[in-house]
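Structure file start_7.txt (compact mmCIF, C-alpha atoms) is printed below.
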# COMPACT_ATOMS: atom_id res chain seq x y z
CA MET Z 1 9.56 45.40 -8.37
CA ILE Z 2 11.76 46.53 -11.23
CA VAL Z 3 11.42 50.00 -12.78
CA LYS Z 4 13.48 50.99 -15.84
CA HIS Z 5 13.65 53.86 -18.30
CA LEU Z 6 15.16 53.72 -21.76
CA ALA Z 7 15.25 56.05 -24.75
CA ILE Z 8 15.25 54.63 -28.28
CA ARG Z 9 16.65 57.01 -30.90
CA ARG Z 10 15.99 56.86 -34.63
CA THR Z 11 16.58 59.16 -37.60
CA THR Z 12 13.69 59.20 -40.03
CA GLU Z 13 13.04 60.63 -43.49
CA GLY Z 14 9.58 61.90 -42.44
CA ASN Z 15 6.81 61.78 -45.08
CA ASP Z 16 5.08 58.86 -43.33
CA GLN Z 17 8.20 56.76 -43.14
CA ILE Z 18 7.50 53.78 -40.90
CA LEU Z 19 10.25 52.17 -38.80
CA ASP Z 20 10.12 48.83 -37.00
CA LEU Z 21 10.92 49.23 -33.28
CA THR Z 22 10.06 45.67 -32.26
CA ALA Z 23 13.60 44.38 -31.72
CA ALA Z 24 14.57 47.47 -29.70
CA VAL Z 25 11.51 47.18 -27.47
CA GLN Z 26 11.73 43.41 -26.98
CA GLY Z 27 15.45 43.79 -26.27
CA ALA Z 28 14.79 46.44 -23.62
CA VAL Z 29 12.15 44.25 -22.02
CA ALA Z 30 14.50 41.26 -21.96
CA ASP Z 31 17.34 43.37 -20.52
CA SER Z 32 15.07 44.73 -17.79
CA GLY Z 33 14.62 41.35 -16.17
CA VAL Z 34 10.86 41.90 -15.90
CA ALA Z 35 8.89 38.69 -16.44
CA THR Z 36 5.39 40.11 -15.83
CA GLY Z 37 4.49 43.79 -16.02
CA GLN Z 38 3.98 46.56 -18.48
CA ALA Z 39 5.83 48.92 -20.80
CA SER Z 40 4.70 52.46 -21.64
CA LEU Z 41 6.00 53.93 -24.90
CA LEU Z 42 5.79 57.57 -25.99
CA VAL Z 43 7.25 59.23 -29.05
CA GLN Z 44 8.48 62.73 -28.32
CA GLY Z 45 7.08 65.29 -30.73
CA SER Z 46 3.71 66.06 -32.28
CA THR Z 47 4.17 64.88 -35.87
CA ALA Z 48 4.98 61.21 -35.27
CA ALA Z 49 2.97 58.32 -33.83
CA LEU Z 50 3.25 54.79 -32.45
CA THR Z 51 1.10 51.80 -33.32
CA THR Z 52 1.46 48.19 -34.44
CA LEU Z 53 1.48 47.04 -38.06
CA GLU Z 54 2.47 44.07 -40.17
CA TYR Z 55 5.86 45.32 -41.29
CA GLU Z 56 5.81 44.43 -44.97
CA PRO Z 57 6.66 46.69 -47.94
CA GLY Z 58 3.14 47.24 -49.29
CA LEU Z 59 1.61 48.54 -46.06
CA VAL Z 60 4.79 50.31 -44.95
CA GLY Z 61 5.68 51.98 -48.22
CA ASN Z 62 2.29 52.79 -49.70
CA ASP Z 63 -0.98 51.72 -48.11
CA VAL Z 64 -0.78 53.45 -44.72
CA ALA Z 65 0.24 56.76 -46.29
CA ARG Z 66 -2.58 56.58 -48.81
CA ALA Z 67 -5.17 56.06 -46.07
CA LEU Z 68 -3.74 58.92 -44.01
CA GLU Z 69 -4.03 61.09 -47.11
CA ARG Z 70 -7.80 60.51 -46.98
CA LEU Z 71 -7.94 61.64 -43.35
CA ALA Z 72 -5.65 64.66 -43.68
CA PRO Z 73 -4.59 65.45 -47.27
CA ARG Z 74 -1.14 66.89 -47.74
CA ASP Z 75 -2.52 69.60 -50.00
CA GLY Z 76 -5.52 70.42 -47.79
CA ARG Z 77 -5.97 73.84 -46.22
CA TYR Z 78 -4.69 74.09 -42.63
CA LEU Z 79 -4.80 77.20 -40.47
CA HIS Z 80 -1.71 75.77 -38.80
CA GLU Z 81 0.22 76.31 -42.03
CA GLU Z 82 -1.16 79.78 -42.63
CA THR Z 83 -0.27 80.85 -39.09
CA TRP Z 84 3.19 79.37 -38.91
CA HIS Z 85 4.13 79.43 -42.61
CA ASP Z 86 5.01 75.78 -42.64
CA ASP Z 87 3.72 72.78 -44.57
CA ASN Z 88 2.99 70.12 -42.00
CA GLY Z 89 -0.61 70.66 -40.90
CA HIS Z 90 -1.51 67.21 -42.19
CA SER Z 91 1.42 65.71 -40.23
CA HIS Z 92 0.03 66.92 -36.91
CA ILE Z 93 -3.44 65.55 -37.62
CA ARG Z 94 -2.16 62.16 -38.77
CA ALA Z 95 0.02 61.78 -35.68
CA SER Z 96 -2.68 62.85 -33.23
CA VAL Z 97 -5.30 60.49 -34.65
CA ILE Z 98 -3.00 57.43 -34.66
CA GLY Z 99 -1.73 58.46 -31.23
CA PRO Z 100 1.67 58.95 -29.59
CA SER Z 101 1.71 56.12 -27.05
CA LEU Z 102 1.35 52.38 -26.53
CA ALA Z 103 0.53 50.45 -23.35
CA LEU Z 104 2.20 47.08 -23.73
CA PRO Z 105 1.72 44.15 -21.35
CA ILE Z 106 4.78 42.05 -20.57
CA ALA Z 107 4.24 38.31 -20.01
CA GLY Z 108 6.84 35.56 -20.01
CA GLY Z 109 9.55 38.21 -20.27
CA ARG Z 110 8.32 39.67 -23.57
CA VAL Z 111 5.58 41.71 -25.18
CA PRO Z 112 3.13 39.09 -26.49
CA LEU Z 113 2.82 40.40 -30.06
CA GLY Z 114 1.43 38.40 -32.95
CA THR Z 115 3.82 36.91 -35.49
CA TRP Z 116 2.91 39.52 -38.11
CA GLN Z 117 2.49 42.38 -35.64
CA GLN Z 118 5.35 44.82 -35.26
CA ILE Z 119 5.71 47.90 -33.05
CA VAL Z 120 6.18 50.83 -35.41
CA LEU Z 121 7.00 54.52 -35.48
CA VAL Z 122 5.10 56.48 -38.14
CA ASP Z 123 6.82 59.78 -38.85
CA SER Z 124 4.42 62.03 -40.74
CA ASP Z 125 6.53 65.20 -40.68
CA THR Z 126 7.60 66.69 -44.01
CA ARG Z 127 11.35 66.51 -43.42
CA PRO Z 128 13.95 64.20 -41.85
CA ARG Z 129 13.74 64.16 -38.06
CA ASP Z 130 15.73 62.78 -35.14
CA ARG Z 131 13.20 60.97 -32.99
CA THR Z 132 13.29 59.81 -29.39
CA ILE Z 133 10.90 57.15 -28.13
CA HIS Z 134 10.74 56.95 -24.35
CA LEU Z 135 10.02 53.59 -22.80
CA THR Z 136 9.48 52.74 -19.15
CA ILE Z 137 9.08 49.21 -17.85
CA VAL Z 138 7.46 48.32 -14.52
CA GLY Z 139 6.99 44.79 -13.21
CA ALA Z 140 8.18 41.74 -11.35
CA ALA Z 141 11.10 39.41 -12.07
CA GLY Z 142 10.27 35.81 -12.93
CA MET G 143 2.67 45.44 -5.12
CA ILE G 144 0.55 43.02 -7.10
CA VAL G 145 1.44 42.02 -10.68
CA LYS G 146 -0.87 39.79 -12.73
CA HIS G 147 -1.13 38.56 -16.29
CA LEU G 148 -4.28 37.26 -17.95
CA ALA G 149 -5.27 36.32 -21.48
CA ILE G 150 -8.82 36.90 -22.69
CA ARG G 151 -9.81 34.73 -25.65
CA ARG G 152 -12.62 35.45 -28.10
CA THR G 153 -13.74 34.07 -31.45
CA THR G 154 -14.89 36.74 -33.86
CA GLU G 155 -16.57 36.85 -37.26
CA GLY G 156 -14.17 39.54 -38.50
CA ASN G 157 -15.57 42.17 -40.89
CA ASP G 158 -15.48 44.86 -38.19
CA GLN G 159 -17.33 42.78 -35.65
CA ILE G 160 -17.16 44.53 -32.30
CA LEU G 161 -17.15 42.58 -29.01
CA ASP G 162 -17.68 43.95 -25.51
CA LEU G 163 -14.75 43.02 -23.23
CA THR G 164 -15.80 45.16 -20.27
CA ALA G 165 -17.02 42.37 -17.98
CA ALA G 166 -13.91 40.28 -18.64
CA VAL G 167 -11.59 43.20 -17.90
CA GLN G 168 -13.46 44.42 -14.83
CA GLY G 169 -13.61 40.82 -13.58
CA ALA G 170 -9.86 40.39 -14.00
CA VAL G 171 -9.23 43.65 -12.16
CA ALA G 172 -11.53 42.61 -9.31
CA ASP G 173 -9.88 39.17 -9.09
CA SER G 174 -6.40 40.71 -9.01
CA GLY G 175 -7.01 42.41 -5.68
CA VAL G 176 -5.53 45.67 -6.99
CA ALA G 177 -7.31 48.73 -5.58
CA THR G 178 -5.14 51.40 -7.24
CA GLY G 179 -2.93 50.84 -10.26
CA GLN G 180 -3.11 50.28 -13.96
CA ALA G 181 -3.99 47.70 -16.59
CA SER G 182 -2.30 47.41 -19.99
CA LEU G 183 -4.30 45.68 -22.73
CA LEU G 184 -2.98 44.50 -26.10
CA VAL G 185 -4.76 42.55 -28.80
CA GLN G 186 -2.44 40.07 -30.50
CA GLY G 187 -2.49 40.41 -34.27
CA SER G 188 -2.40 43.25 -36.77
CA THR G 189 -5.98 43.32 -38.06
CA ALA G 190 -7.85 43.96 -34.80
CA ALA G 191 -7.91 46.91 -32.41
CA LEU G 192 -8.97 47.97 -28.92
CA THR G 193 -10.83 51.12 -27.93
CA THR G 194 -13.90 52.18 -25.94
CA LEU G 195 -17.36 52.65 -27.40
CA GLU G 196 -20.97 52.89 -26.30
CA TYR G 197 -21.96 49.29 -26.94
CA GLU G 198 -25.31 49.72 -28.65
CA PRO G 199 -26.51 48.11 -31.89
CA GLY G 200 -26.36 51.17 -34.15
CA LEU G 201 -22.72 52.04 -33.50
CA VAL G 202 -21.63 48.42 -33.14
CA GLY G 203 -23.42 46.99 -36.16
CA ASN G 204 -23.23 49.83 -38.64
CA ASP G 205 -21.82 53.24 -37.82
CA VAL G 206 -18.24 52.37 -36.86
CA ALA G 207 -17.78 50.17 -39.93
CA ARG G 208 -19.14 52.88 -42.23
CA ALA G 209 -16.68 55.44 -40.86
CA LEU G 210 -13.78 53.00 -41.21
CA GLU G 211 -14.84 52.49 -44.82
CA ARG G 212 -14.14 56.19 -45.40
CA LEU G 213 -10.64 55.84 -43.97
CA ALA G 214 -9.70 52.57 -45.69
CA PRO G 215 -12.28 51.33 -48.21
CA ARG G 216 -12.67 47.60 -48.54
CA ASP G 217 -12.49 47.87 -52.33
CA GLY G 218 -9.57 50.30 -52.39
CA ARG G 219 -6.25 49.41 -53.97
CA TYR G 220 -3.65 48.09 -51.52
CA LEU G 221 -0.13 46.96 -52.42
CA HIS G 222 -0.45 44.62 -49.44
CA GLU G 223 -3.12 42.69 -51.33
CA GLU G 224 -1.21 42.65 -54.60
CA THR G 225 1.92 41.37 -52.87
CA TRP G 226 0.34 38.72 -50.69
CA HIS G 227 -2.72 37.87 -52.81
CA ASP G 228 -5.11 38.46 -49.96
CA ASP G 229 -8.01 40.82 -49.39
CA ASN G 230 -7.38 42.48 -46.05
CA GLY G 231 -5.32 45.60 -46.79
CA HIS G 232 -8.09 47.75 -45.36
CA SER G 233 -8.18 45.58 -42.21
CA HIS G 234 -4.55 46.38 -41.38
CA ILE G 235 -5.03 50.12 -41.85
CA ARG G 236 -8.21 50.24 -39.77
CA ALA G 237 -6.60 48.34 -36.91
CA SER G 238 -3.40 50.40 -36.92
CA VAL G 239 -5.22 53.74 -36.87
CA ILE G 240 -7.57 52.78 -34.02
CA GLY G 241 -4.64 51.17 -32.21
CA PRO G 242 -3.94 47.81 -30.55
CA SER G 243 -3.63 48.83 -26.90
CA LEU G 244 -5.30 50.59 -23.97
CA ALA G 245 -3.76 52.05 -20.82
CA LEU G 246 -6.42 51.79 -18.16
CA PRO G 247 -6.15 53.32 -14.69
CA ILE G 248 -7.55 51.28 -11.79
CA ALA G 249 -9.15 53.21 -8.91
CA GLY G 250 -11.38 51.85 -6.18
CA GLY G 251 -10.72 48.33 -7.46
CA ARG G 252 -12.13 48.96 -10.95
CA VAL G 253 -11.50 50.73 -14.24
CA PRO G 254 -13.43 54.02 -13.88
CA LEU G 255 -15.35 53.85 -17.17
CA GLY G 256 -18.41 55.92 -17.97
CA THR G 257 -21.85 54.31 -17.82
CA TRP G 258 -22.13 54.20 -21.61
CA GLN G 259 -18.45 53.46 -22.22
CA GLN G 260 -17.46 49.86 -22.91
CA ILE G 261 -14.04 48.33 -23.62
CA VAL G 262 -14.28 46.82 -27.08
CA LEU G 263 -12.40 44.65 -29.55
CA VAL G 264 -12.86 45.70 -33.19
CA ASP G 265 -11.91 42.85 -35.51
CA SER G 266 -11.47 44.22 -39.03
CA ASP G 267 -10.10 41.07 -40.65
CA THR G 268 -12.09 39.55 -43.52
CA ARG G 269 -12.66 36.15 -41.94
CA PRO G 270 -13.45 34.62 -38.55
CA ARG G 271 -10.50 34.78 -36.17
CA ASP G 272 -9.54 33.43 -32.76
CA ARG G 273 -8.27 36.43 -30.82
CA THR G 274 -6.18 36.74 -27.69
CA ILE G 275 -6.16 39.95 -25.67
CA HIS G 276 -3.30 40.14 -23.18
CA LEU G 277 -3.87 42.07 -19.99
CA THR G 278 -1.41 42.85 -17.24
CA ILE G 279 -2.34 44.55 -14.00
CA VAL G 280 0.12 46.35 -11.70
CA GLY G 281 -0.79 48.11 -8.48
CA ALA G 282 -1.43 48.14 -4.75
CA ALA G 283 -4.06 46.33 -2.70
CA GLY G 284 -6.63 48.48 -0.89
CA MET I 285 6.94 51.77 -5.09
CA ILE I 286 4.52 54.67 -5.22
CA VAL I 287 0.94 54.26 -6.49
CA LYS I 288 -1.36 57.28 -6.84
CA HIS I 289 -4.77 58.04 -8.29
CA LEU I 290 -6.01 61.46 -9.31
CA ALA I 291 -9.07 62.76 -11.15
CA ILE I 292 -8.77 65.84 -13.37
CA ARG I 293 -12.08 67.63 -13.97
CA ARG I 294 -12.84 69.99 -16.83
CA THR I 295 -15.97 71.59 -18.27
CA THR I 296 -16.01 71.65 -22.06
CA GLU I 297 -18.15 73.19 -24.77
CA GLY I 298 -18.17 69.96 -26.79
CA ASN I 299 -18.12 70.29 -30.60
CA ASP I 300 -14.49 69.15 -30.82
CA GLN I 301 -13.27 71.64 -28.24
CA ILE I 302 -9.69 70.76 -27.34
CA LEU I 303 -8.29 71.46 -23.86
CA ASP I 304 -4.65 71.37 -22.78
CA LEU I 305 -4.14 68.99 -19.83
CA THR I 306 -0.35 69.12 -19.79
CA ALA I 307 0.11 71.28 -16.70
CA ALA I 308 -2.40 69.22 -14.71
CA VAL I 309 -0.71 65.94 -15.67
CA GLN I 310 2.86 67.17 -15.14
CA GLY I 311 1.78 68.66 -11.81
CA ALA I 312 0.26 65.36 -10.69
CA VAL I 313 3.41 63.51 -11.69
CA ALA I 314 5.60 66.00 -9.80
CA ASP I 315 3.36 65.79 -6.70
CA SER I 316 3.45 61.98 -6.76
CA GLY I 317 7.17 61.86 -6.05
CA VAL I 318 7.67 59.27 -8.80
CA ALA I 319 10.97 59.73 -10.64
CA THR I 320 10.71 56.72 -12.98
CA GLY I 321 7.49 54.94 -13.83
CA GLN I 322 4.35 55.36 -15.82
CA ALA I 323 1.02 57.19 -15.88
CA SER I 324 -2.20 55.79 -17.32
CA LEU I 325 -4.83 58.32 -18.39
CA LEU I 326 -8.46 57.60 -19.29
CA VAL I 327 -11.24 60.01 -20.11
CA GLN I 328 -14.57 58.83 -18.73
CA GLY I 329 -17.30 58.80 -21.37
CA SER I 330 -17.61 57.67 -24.97
CA THR I 331 -17.66 60.96 -26.87
CA ALA I 332 -14.30 62.40 -25.82
CA ALA I 333 -10.71 61.30 -26.43
CA LEU I 334 -7.12 61.83 -25.30
CA THR I 335 -4.07 62.35 -27.49
CA THR I 336 -1.14 64.74 -27.87
CA LEU I 337 -1.14 67.80 -30.14
CA GLU I 338 0.76 71.02 -30.67
CA TYR I 339 -1.58 73.31 -28.76
CA GLU I 340 -1.80 76.26 -31.13
CA PRO I 341 -4.95 78.02 -32.37
CA GLY I 342 -4.97 76.75 -35.96
CA LEU I 343 -4.86 73.04 -35.11
CA VAL I 344 -6.97 73.41 -31.96
CA GLY I 345 -9.69 75.67 -33.37
CA ASN I 346 -10.01 74.43 -36.93
CA ASP I 347 -7.74 71.79 -38.45
CA VAL I 348 -8.41 68.81 -36.17
CA ALA I 349 -12.18 69.27 -36.40
CA ARG I 350 -12.04 69.52 -40.18
CA ALA I 351 -10.13 66.26 -40.46
CA LEU I 352 -12.53 64.51 -38.07
CA GLU I 353 -15.35 65.73 -40.30
CA ARG I 354 -13.83 63.67 -43.13
CA LEU I 355 -13.81 60.55 -40.95
CA ALA I 356 -17.27 60.96 -39.41
CA PRO I 357 -19.29 63.85 -40.87
CA ARG I 358 -21.62 65.64 -38.50
CA ASP I 359 -24.46 65.42 -41.04
CA GLY I 360 -23.80 61.79 -41.97
CA ARG I 361 -26.38 59.10 -41.37
CA TYR I 362 -25.92 57.14 -38.13
CA LEU I 363 -28.14 54.34 -36.87
CA HIS I 364 -27.10 55.49 -33.40
CA GLU I 365 -29.02 58.70 -33.97
CA GLU I 366 -32.05 57.00 -35.46
CA THR I 367 -32.24 54.57 -32.54
CA TRP I 368 -31.70 57.02 -29.73
CA HIS I 369 -33.06 60.19 -31.32
CA ASP I 370 -29.92 62.14 -30.62
CA ASP I 371 -27.39 63.91 -32.80
CA ASN I 372 -23.98 62.67 -31.72
CA GLY I 373 -23.26 59.58 -33.82
CA HIS I 374 -20.22 61.30 -35.29
CA SER I 375 -19.01 62.18 -31.76
CA HIS I 376 -18.82 58.51 -30.76
CA ILE I 377 -16.89 57.53 -33.88
CA ARG I 378 -14.40 60.39 -33.58
CA ALA I 379 -13.71 59.60 -29.93
CA SER I 380 -13.31 55.85 -30.50
CA VAL I 381 -10.89 56.26 -33.39
CA ILE I 382 -8.64 58.76 -31.57
CA GLY I 383 -8.90 56.66 -28.44
CA PRO I 384 -9.75 57.26 -24.77
CA SER I 385 -6.41 56.55 -23.10
CA LEU I 386 -2.70 57.39 -23.00
CA ALA I 387 0.20 55.36 -21.61
CA LEU I 388 2.79 57.90 -20.51
CA PRO I 389 6.31 57.02 -19.35
CA ILE I 390 7.72 59.05 -16.45
CA ALA I 391 11.46 59.76 -16.48
CA GLY I 392 13.34 62.31 -14.43
CA GLY I 393 10.14 63.06 -12.52
CA ARG I 394 8.17 64.17 -15.58
CA VAL I 395 6.48 62.94 -18.75
CA PRO I 396 9.15 63.47 -21.45
CA LEU I 397 6.98 65.35 -23.95
CA GLY I 398 8.33 67.39 -26.84
CA THR I 399 8.38 71.17 -26.58
CA TRP I 400 5.44 71.53 -28.97
CA GLN I 401 3.62 68.42 -27.77
CA GLN I 402 0.75 68.89 -25.33
CA ILE I 403 -1.54 66.32 -23.69
CA VAL I 404 -5.05 67.17 -24.86
CA LEU I 405 -8.68 66.29 -24.31
CA VAL I 406 -10.78 66.35 -27.49
CA ASP I 407 -14.47 66.59 -26.64
CA SER I 408 -16.51 65.69 -29.72
CA ASP I 409 -19.95 65.66 -28.08
CA THR I 410 -22.55 68.10 -29.37
CA ARG I 411 -23.16 69.92 -26.09
CA PRO I 412 -21.22 71.19 -23.08
CA ARG I 413 -20.02 68.37 -20.83
CA ASP I 414 -18.40 67.95 -17.44
CA ARG I 415 -15.48 65.60 -18.01
CA THR I 416 -13.39 63.53 -15.64
CA ILE I 417 -9.97 62.25 -16.67
CA HIS I 418 -8.66 59.52 -14.40
CA LEU I 419 -4.92 59.27 -13.94
CA THR I 420 -2.94 56.66 -12.05
CA ILE I 421 0.79 56.84 -11.49
CA VAL I 422 3.00 53.85 -10.63
CA GLY I 423 6.74 54.00 -10.13
CA ALA I 424 9.80 54.51 -7.99
CA ALA I 425 11.01 57.61 -6.15
CA GLY I 426 14.30 59.15 -7.27

Here is a file; write its structure as structure tokens.
Amino acid sequence: MIVKHLAIRRTTEGNDQILDLTAAVQGAVADSGVATGQASLLVQGSTAALTTLEYEPGLVGNDVARALERLAPRDGRYLHEETWHDDNGHSHIRASVIGPSLALPIAGGRVPLGTWQQIVLVDSDTRPRDRTIHLTIVGAAG
Amino acid sequence: MIVKHLAIRRTTEGNDQILDLTAAVQGAVADSGVATGQASLLVQGSTAALTTLEYEPGLVGNDVARALERLAPRDGRYLHEETWHDDNGHSHIRASVIGPSLALPIAGGRVPLGTWQQIVLVDSDTRPRDRTIHLTIVGAAG
Amino acid sequence: MIVKHLAIRRTTEGNDQILDLTAAVQGAVADSGVATGQASLLVQGSTAALTTLEYEPGLVGNDVARALERLAPRDGRYLHEETWHDDNGHSHIRASVIGPSLALPIAGGRVPLGTWQQIVLVDSDTRPRDRTIHLTIVGAAG
């Protein structure tokens, strides 16, 4: 059995910026030597999330953010903001509903994603952030 | 340690059709011989999602789709659709927010689900699709 | 390789009560002796969910529930309720969209969460419930 840990680091602009992590994750899986197993991904912090998405400009730059605005409007009223005198109540909600983690099977030495399916970080905070995504890989060599 | 990979294949009608994968997943776990461990599930593609749900006609045939309509209306405006001349902008959003993966513990040789809790595929695309759900199982025999 | 299973039990008040599971999960990881690996968490039942959240009173006691009300209003119409003569259609939707599971990497003998990021149970049912969260840990000792 092989067990590996890796941290992926990215600087974001916040405000629902979406970054494509696919190459970093597939690279880590390839480097691990695991042929069959699983990867667990977690973004550190409570205002960013992980999911998969077709990484194309319309969804990435507009459509996802507009839908999240329906769920948790930027200008809504949040006790979080009144308590802490900040402006990111909506960011916390958006991140918690999408979720902070992914459970990814590894088969044939890679994560079997679809062609138009990318692993993405959605950073909903209201300012630029340095983000760390932790990734552990467990499995068997080929 | 036991490490297994399996692909579950299903044909869907799209349009938020929801399929019950519980028997397929519990069967794969039983066949693997793993008593204690974990299963990682991922649906391939960016317009379908995995979660758990009480698999009964009201939720499956109406209520989930109506709630997703609030999050990402079918007739909303999506740059994705304007760019690619398709009609499934809402499908991508719905799938990304629910999420493509599940991390399932295995205990006593099965996934310890509730009685009214089923593992489901939610296919939000706008046309019938052939779907593959990848499943890897890692753990120890009893 | 180490493989462990643990069940965390909590009594909730339902109605979107949010409980902090971080200490229980980090304690289980520490007790397991795993230095590098992964934990899979699943809440049993179809009206509760797992995610991460900054565990502070504004988000926990007000803001999350208000956002979930936009997605699946308590007083909305649900076929689930008409069929089964109950009142928790919105609870099922909220739980399924947030999701029932978390895939957590373990590094340095702990789950590498952010300082303001807690592992939480969100119980959206309409009455008090006894909840079981199953947790399996797989990995290597230090």

Could you produce a table of the residues of chain G lying within 7 Å of chain I, with the nearest pair of atoms per residue and their separation in Å rounded to one decimal, using only C-alpha atoms, ordered by chain and increasing residue number, as CSV?
residue,atom,partner,partner_atom,distance
G:Thr178,CA,I:His289,CA,6.7
G:Gly179,CA,I:Thr420,CA,6.1
G:Gln180,CA,I:Ser324,CA,6.5
G:Thr193,CA,I:Gly383,CA,5.9
G:Thr194,CA,I:Ser380,CA,5.9
G:Leu195,CA,I:Ser330,CA,5.6
G:Glu196,CA,I:Ser330,CA,6.0
G:Gly200,CA,I:His364,CA,4.4
G:Leu201,CA,I:His364,CA,5.6
G:Asn204,CA,I:Leu363,CA,6.9
G:Asp205,CA,I:Tyr362,CA,5.7
G:Val206,CA,I:Ile377,CA,6.1
G:Ala209,CA,I:Ala356,CA,5.7
G:Arg212,CA,I:Leu355,CA,6.2
G:Leu213,CA,I:Leu355,CA,6.4
G:Ile240,CA,I:Val381,CA,4.9
G:Leu244,CA,I:Ser385,CA,6.1
G:Ala245,CA,I:Ala387,CA,5.2
G:Leu246,CA,I:Ser324,CA,5.9
G:Pro247,CA,I:Thr420,CA,5.3
G:Ala249,CA,I:His289,CA,6.5
G:Pro254,CA,I:Gln328,CA,6.9
G:Leu255,CA,I:Gln328,CA,5.3
G:Gly256,CA,I:Gly329,CA,4.6
G:Trp258,CA,I:Ser330,CA,6.6
G:Gln259,CA,I:Ser330,CA,5.1
G:Gly281,CA,I:Val287,CA,6.7
G:Ala282,CA,I:Val287,CA,6.8

request  = Please work out which residues fall within 12 Å of (-10.1, 68.6, -23.6), coordinates as given in the file, with all atoms listed in the file counting, and return them as a PyMOL selection string.
outcome  = chain I and resi 292-306+308+326-328+331-337+339+344+379+384+402-409+412-417

Could you save the residues just selected, with C-alpha atoms, as a PDB file, keeping the file's coordinate frame?
ATOM      1  CA  ILE I 292      -8.770  65.840 -13.370  1.00  0.00           C
ATOM      2  CA  ARG I 293     -12.080  67.630 -13.970  1.00  0.00           C
ATOM      3  CA  ARG I 294     -12.840  69.990 -16.830  1.00  0.00           C
ATOM      4  CA  THR I 295     -15.970  71.590 -18.270  1.00  0.00           C
ATOM      5  CA  THR I 296     -16.010  71.650 -22.060  1.00  0.00           C
ATOM      6  CA  GLU I 297     -18.150  73.190 -24.770  1.00  0.00           C
ATOM      7  CA  GLY I 298     -18.170  69.960 -26.790  1.00  0.00           C
ATOM      8  CA  ASN I 299     -18.120  70.290 -30.600  1.00  0.00           C
ATOM      9  CA  ASP I 300     -14.490  69.150 -30.820  1.00  0.00           C
ATOM     10  CA  GLN I 301     -13.270  71.640 -28.240  1.00  0.00           C
ATOM     11  CA  ILE I 302      -9.690  70.760 -27.340  1.00  0.00           C
ATOM     12  CA  LEU I 303      -8.290  71.460 -23.860  1.00  0.00           C
ATOM     13  CA  ASP I 304      -4.650  71.370 -22.780  1.00  0.00           C
ATOM     14  CA  LEU I 305      -4.140  68.990 -19.830  1.00  0.00           C
ATOM     15  CA  THR I 306      -0.350  69.120 -19.790  1.00  0.00           C
ATOM     16  CA  ALA I 308      -2.400  69.220 -14.710  1.00  0.00           C
ATOM     17  CA  LEU I 326      -8.460  57.600 -19.290  1.00  0.00           C
ATOM     18  CA  VAL I 327     -11.240  60.010 -20.110  1.00  0.00           C
ATOM     19  CA  GLN I 328     -14.570  58.830 -18.730  1.00  0.00           C
ATOM     20  CA  THR I 331     -17.660  60.960 -26.870  1.00  0.00           C
ATOM     21  CA  ALA I 332     -14.300  62.400 -25.820  1.00  0.00           C
ATOM     22  CA  ALA I 333     -10.710  61.300 -26.430  1.00  0.00           C
ATOM     23  CA  LEU I 334      -7.120  61.830 -25.300  1.00  0.00           C
ATOM     24  CA  THR I 335      -4.070  62.350 -27.490  1.00  0.00           C
ATOM     25  CA  THR I 336      -1.140  64.740 -27.870  1.00  0.00           C
ATOM     26  CA  LEU I 337      -1.140  67.800 -30.140  1.00  0.00           C
ATOM     27  CA  TYR I 339      -1.580  73.310 -28.760  1.00  0.00           C
ATOM     28  CA  VAL I 344      -6.970  73.410 -31.960  1.00  0.00           C
ATOM     29  CA  ALA I 379     -13.710  59.600 -29.930  1.00  0.00           C
ATOM     30  CA  PRO I 384      -9.750  57.260 -24.770  1.00  0.00           C
ATOM     31  CA  GLN I 402       0.750  68.890 -25.330  1.00  0.00           C
ATOM     32  CA  ILE I 403      -1.540  66.320 -23.690  1.00  0.00           C
ATOM     33  CA  VAL I 404      -5.050  67.170 -24.860  1.00  0.00           C
ATOM     34  CA  LEU I 405      -8.680  66.290 -24.310  1.00  0.00           C
ATOM     35  CA  VAL I 406     -10.780  66.350 -27.490  1.00  0.00           C
ATOM     36  CA  ASP I 407     -14.470  66.590 -26.640  1.00  0.00           C
ATOM     37  CA  SER I 408     -16.510  65.690 -29.720  1.00  0.00           C
ATOM     38  CA  ASP I 409     -19.950  65.660 -28.080  1.00  0.00           C
ATOM     39  CA  PRO I 412     -21.220  71.190 -23.080  1.00  0.00           C
ATOM     40  CA  ARG I 413     -20.020  68.370 -20.830  1.00  0.00           C
ATOM     41  CA  ASP I 414     -18.400  67.950 -17.440  1.00  0.00           C
ATOM     42  CA  ARG I 415     -15.480  65.600 -18.010  1.00  0.00           C
ATOM     43  CA  THR I 416     -13.390  63.530 -15.640  1.00  0.00           C
ATOM     44  CA  ILE I 417      -9.970  62.250 -16.670  1.00  0.00           C
TER      45      ILE I 417
END

ask   = By how many Å are atom CA of Ala172 of chain G and atom CA of Ile106 of chain Z apart?
value = 19.8 Å

query = atom CA of Ala28 of chain Z and atom CA of Thr126 of chain Z are how many Å apart?
reply = 29.6 Å

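Put simply, atom CA of Leu210 of chain G is 24.0 Å away from atom CA of Asn88 of chain Z.
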
Where's the centre, and what are the edge lengths in Å to one decimal, of a box along x, y and z enclosing all listed atoms of segment 30-34 of chain Z padded 6 Å per side, as JSON?
{"center_x": 14.1, "center_y": 43.0, "center_z": -18.9, "size_x": 18.5, "size_y": 15.5, "size_z": 18.1}
